[in-house]
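Before any comments, here is the structure.
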Amino acid sequence: MSIRHSLLALLQDQPRYGYQLRVEFESRTGATWPLNIGQVYTTLDRLERDGLVQNDGDDGEGHVIYSITPEGSLAVRSWFDAPVERNNPPRNELAIKLALAVTLPGVDVAAIIQAQRVASIRALQDYTKVRRDTAANQRPADTAWLLVLDSLIFQTEAEVRWLDLCEARMVQQAEAAKSQSARQQSTGVTSEEVRRAEARR
Amino acid sequence: MSVQRGQQVLELAKVCRTFGDGATSVAALRDVDLTIDAGEFVAVMGPSGSGKSSLLALSGGLDRPTSGGIFVESTPLADLGLNELARLRRRAVGYVFQDFNLVPTLTAAENVALPLELDGTPSREAYRQAREAMDLVGIPELANRFMDEMSGGQQQRVAIARAIIGERRLILADEPTGALDSTTGQGVMEVLRSRADAGAAVMLVTHEARHAAWADRVVFIRDGRIVDQAAAMHDPAMLLAQAGF
């Protein structure tokens, strides 16, 4: 997540101070990605150093106000114009876990898949409930939050579908292995003998 | 609705269903225990051939188990004769199928009223209740339409209205969104959810995680056995914090 660009985009809207930026960011994304205030100030310092925002001084109540510079506006525009980077590819712990599980002896892959499926469905139930409650008494401010929830729902659903696919593949493989060994039994030729025959050719 | 929340509407106890016999027999369900309370929405998920649809057919008395007991509001279905069973299906149990099963020569409202009329309710009263059920599923304007004048989503809503007319305490839905696009499918889930919130016990068979997620409880079935269950955590705040990476 780009905190840098998010804060710049909020400053494009109007000058703000650090705490306001945090509140605004969280309300527009439904507090899905909590920001800590230290992160906000560190980011503002860097943006100022890079000439993308300027420090307009104290507002008289002890808040330091920041506003966007023309360079900052350009940076916001190119952020919106460019697709988000795929991170080549994004690290996915579940995919890594399953990839290792299928290659290691003695790991019950089916159990891993089922445990994950239950956890993912549970998450999906919760997202769906929050979405339902939010949509039922929708305020204008909730539009952005509903979009974020939809995104979480789609991601989780994709995860469950992928788990179904992994499981189906494993069943297919197990059946293929079974029927291969049945064929070998019926011809009386072992796989070792097949390999040797192939090597001779 | 006269049922009270938390009251047990459906109970399956050690239910087995085997098709065929001897060496070629196939066990569709093995030792299934499951209860659904009034006001509870349960989704059943599993790969094709896992026994999902058998479970639904048995729960509504469309099929008989090989062994074990099935109880709808404490009435053992095994004790009911064919006529009594048909009466129970018309009175207490509502079905929603993937292919809507509407009668093409009847209007939407006539289709919805049909189970009550078959059961001896005077036409006018059946029709009044049909209009009420159609209001509940958000299609009051379709009362006089015939099947070929409605979209798939509209027909499915008519089928749901037919399934909830009267005081149906148990609603059984078999892949009801299978033939619908995703927005219409979500509308069907909203209707099922609201029936459960109003006190009905709902069982939904689906392979779509997105739809199962509307349920209070998700039951996973595999090779005829219930292998797992998932209930919502009801702590969305924690979950959302976790999603914050």
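Following the order of the structure tokens, first chain is A, next is B, and so on, with residues numbered from 1 inside each chain and ligands from 1 in the order they appear.
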List every residue of chain A that has an atom at most 7 Å from any atom of chain B, and for each one report the closest atom pair and its distance in Å to one decimal, counting only C-alpha atoms, with rows sorted by chain and then by increasing residue number, as a Markdown table.
| residue | atom | partner | partner_atom | distance |
| --- | --- | --- | --- | --- |
| A:Thr32 | CA | B:Leu240 | CA | 5.5 |
| A:Trp33 | CA | B:Gly244 | CA | 4.4 |
| A:Pro34 | CA | B:Gly244 | CA | 6.9 |
| A:Val118 | CA | B:Ala230 | CA | 5.7 |
| A:Ile121 | CA | B:Ala213 | CA | 6.5 |
| A:Arg122 | CA | B:Ala232 | CA | 5.1 |
| A:Leu124 | CA | B:Ala213 | CA | 5.6 |
| A:Gln125 | CA | B:Ala213 | CA | 4.2 |
| A:Asp126 | CA | B:Pro236 | CA | 5.7 |
| A:Thr128 | CA | B:Ala213 | CA | 6.4 |
| A:Glu157 | CA | B:Arg210 | CA | 6.1 |
| A:Val160 | CA | B:Ala209 | CA | 6.9 |
Prev. selection, N, CA and C atoms, output as a PDB file, in the first residue's frame:
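Heads up, here's the output in part.pdb:
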ATOM      1  N   THR A  32      -9.719  -0.096   7.224  1.00  0.00           N
ATOM      2  CA  THR A  32      -9.219  -1.436   6.893  1.00  0.00           C
ATOM      3  C   THR A  32      -7.704  -1.507   7.058  1.00  0.00           C
ATOM      4  N   TRP A  33      -7.050  -0.413   6.758  1.00  0.00           N
ATOM      5  CA  TRP A  33      -5.595  -0.358   6.902  1.00  0.00           C
ATOM      6  C   TRP A  33      -5.240   0.756   7.891  1.00  0.00           C
ATOM      7  N   PRO A  34      -5.230   0.440   9.180  1.00  0.00           N
ATOM      8  CA  PRO A  34      -4.954   1.484  10.172  1.00  0.00           C
ATOM      9  C   PRO A  34      -3.572   2.104   9.941  1.00  0.00           C
ATOM     10  N   VAL A 118     -11.949 -23.676   5.546  1.00  0.00           N
ATOM     11  CA  VAL A 118     -12.840 -23.294   6.643  1.00  0.00           C
ATOM     12  C   VAL A 118     -12.520 -21.864   7.096  1.00  0.00           C
ATOM     13  N   ILE A 121     -13.686 -19.341   4.367  1.00  0.00           N
ATOM     14  CA  ILE A 121     -15.150 -19.199   4.319  1.00  0.00           C
ATOM     15  C   ILE A 121     -15.625 -18.384   5.518  1.00  0.00           C
ATOM     16  N   ARG A 122     -14.995 -18.631   6.655  1.00  0.00           N
ATOM     17  CA  ARG A 122     -15.366 -17.889   7.865  1.00  0.00           C
ATOM     18  C   ARG A 122     -15.117 -16.391   7.648  1.00  0.00           C
ATOM     19  N   LEU A 124     -15.023 -14.922   4.797  1.00  0.00           N
ATOM     20  CA  LEU A 124     -15.987 -14.488   3.785  1.00  0.00           C
ATOM     21  C   LEU A 124     -17.354 -14.223   4.428  1.00  0.00           C
ATOM     22  N   GLN A 125     -17.734 -15.072   5.383  1.00  0.00           N
ATOM     23  CA  GLN A 125     -19.001 -14.854   6.105  1.00  0.00           C
ATOM     24  C   GLN A 125     -18.983 -13.516   6.823  1.00  0.00           C
ATOM     25  N   ASP A 126     -17.848 -13.228   7.464  1.00  0.00           N
ATOM     26  CA  ASP A 126     -17.756 -11.975   8.219  1.00  0.00           C
ATOM     27  C   ASP A 126     -17.775 -10.754   7.307  1.00  0.00           C
ATOM     28  N   THR A 128     -19.102 -10.598   4.407  1.00  0.00           N
ATOM     29  CA  THR A 128     -20.448 -10.502   3.838  1.00  0.00           C
ATOM     30  C   THR A 128     -21.402  -9.866   4.834  1.00  0.00           C
ATOM     31  N   GLU A 157     -12.988 -14.980  -2.070  1.00  0.00           N
ATOM     32  CA  GLU A 157     -13.673 -15.958  -2.910  1.00  0.00           C
ATOM     33  C   GLU A 157     -12.682 -16.615  -3.884  1.00  0.00           C
ATOM     34  N   VAL A 160     -10.791 -19.300  -2.162  1.00  0.00           N
ATOM     35  CA  VAL A 160     -11.537 -20.547  -1.975  1.00  0.00           C
ATOM     36  C   VAL A 160     -11.604 -21.325  -3.295  1.00  0.00           C
TER      37      VAL A 160
END
- Near-Gly120 in chain B list (12 Å; only C-alpha atoms; drop same-chain fewer than 5 positions) as a list in words: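 That gives Arg87, Arg90, Arg91, Ala113, Leu114, Pro115, Glu125 and Ala126 of chain B.
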Any chance you can output those residues with N, CA and C atoms as a compact mmCIF listing (two decimals), in the first residue's frame?
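Saved to again24.txt:
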# COMPACT_ATOMS: atom_id res chain seq x y z
N ARG B 87 -48.57 -33.59 2.23
CA ARG B 87 -49.22 -32.49 2.92
C ARG B 87 -48.17 -31.65 3.68
N ARG B 90 -46.31 -29.50 1.36
CA ARG B 90 -47.04 -28.32 0.91
C ARG B 90 -47.19 -27.29 2.01
N ARG B 91 -47.26 -27.75 3.26
CA ARG B 91 -47.55 -26.86 4.38
C ARG B 91 -46.32 -26.24 5.02
N ALA B 113 -49.61 -19.38 -5.63
CA ALA B 113 -50.77 -19.79 -4.83
C ALA B 113 -51.01 -21.30 -4.89
N LEU B 114 -50.46 -21.95 -5.92
CA LEU B 114 -50.77 -23.35 -6.20
C LEU B 114 -50.67 -24.31 -5.00
N PRO B 115 -49.56 -24.28 -4.24
CA PRO B 115 -49.47 -25.26 -3.14
C PRO B 115 -50.60 -25.09 -2.13
N GLU B 125 -58.27 -16.63 -0.88
CA GLU B 125 -57.34 -16.54 0.24
C GLU B 125 -55.92 -16.94 -0.24
N ALA B 126 -55.84 -17.99 -1.03
CA ALA B 126 -54.53 -18.44 -1.54
C ALA B 126 -53.89 -17.32 -2.37
- Residue neighbourhood range 12-18 of chain A, 7 Å, only C-alpha atoms, exclusion window fewer than 6 positions, as a list of chain:residue names: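 The contact residues come out as A:Val40, A:Tyr41, A:His63, A:Val64, A:Ile65, A:Tyr66, A:Ser67, A:Ile68, A:Ser73.
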- How many Å separate CA of Asp142 in chain A from CA of Ile3 in chain A? 20.8 Å
- Query: When you draw a straight line from CA of Ala158 in chain A to CA of Ala144 in chain A, how long is it in Å?
  - Reply: 21.4 Å
- Query: Hey, what does DSSP flag as strand (DSSP E or B) within range 20-131 of chain A? Can you give it to me as a PyMOL selection string?
  - Reply: chain A and resi 53-58+64-68
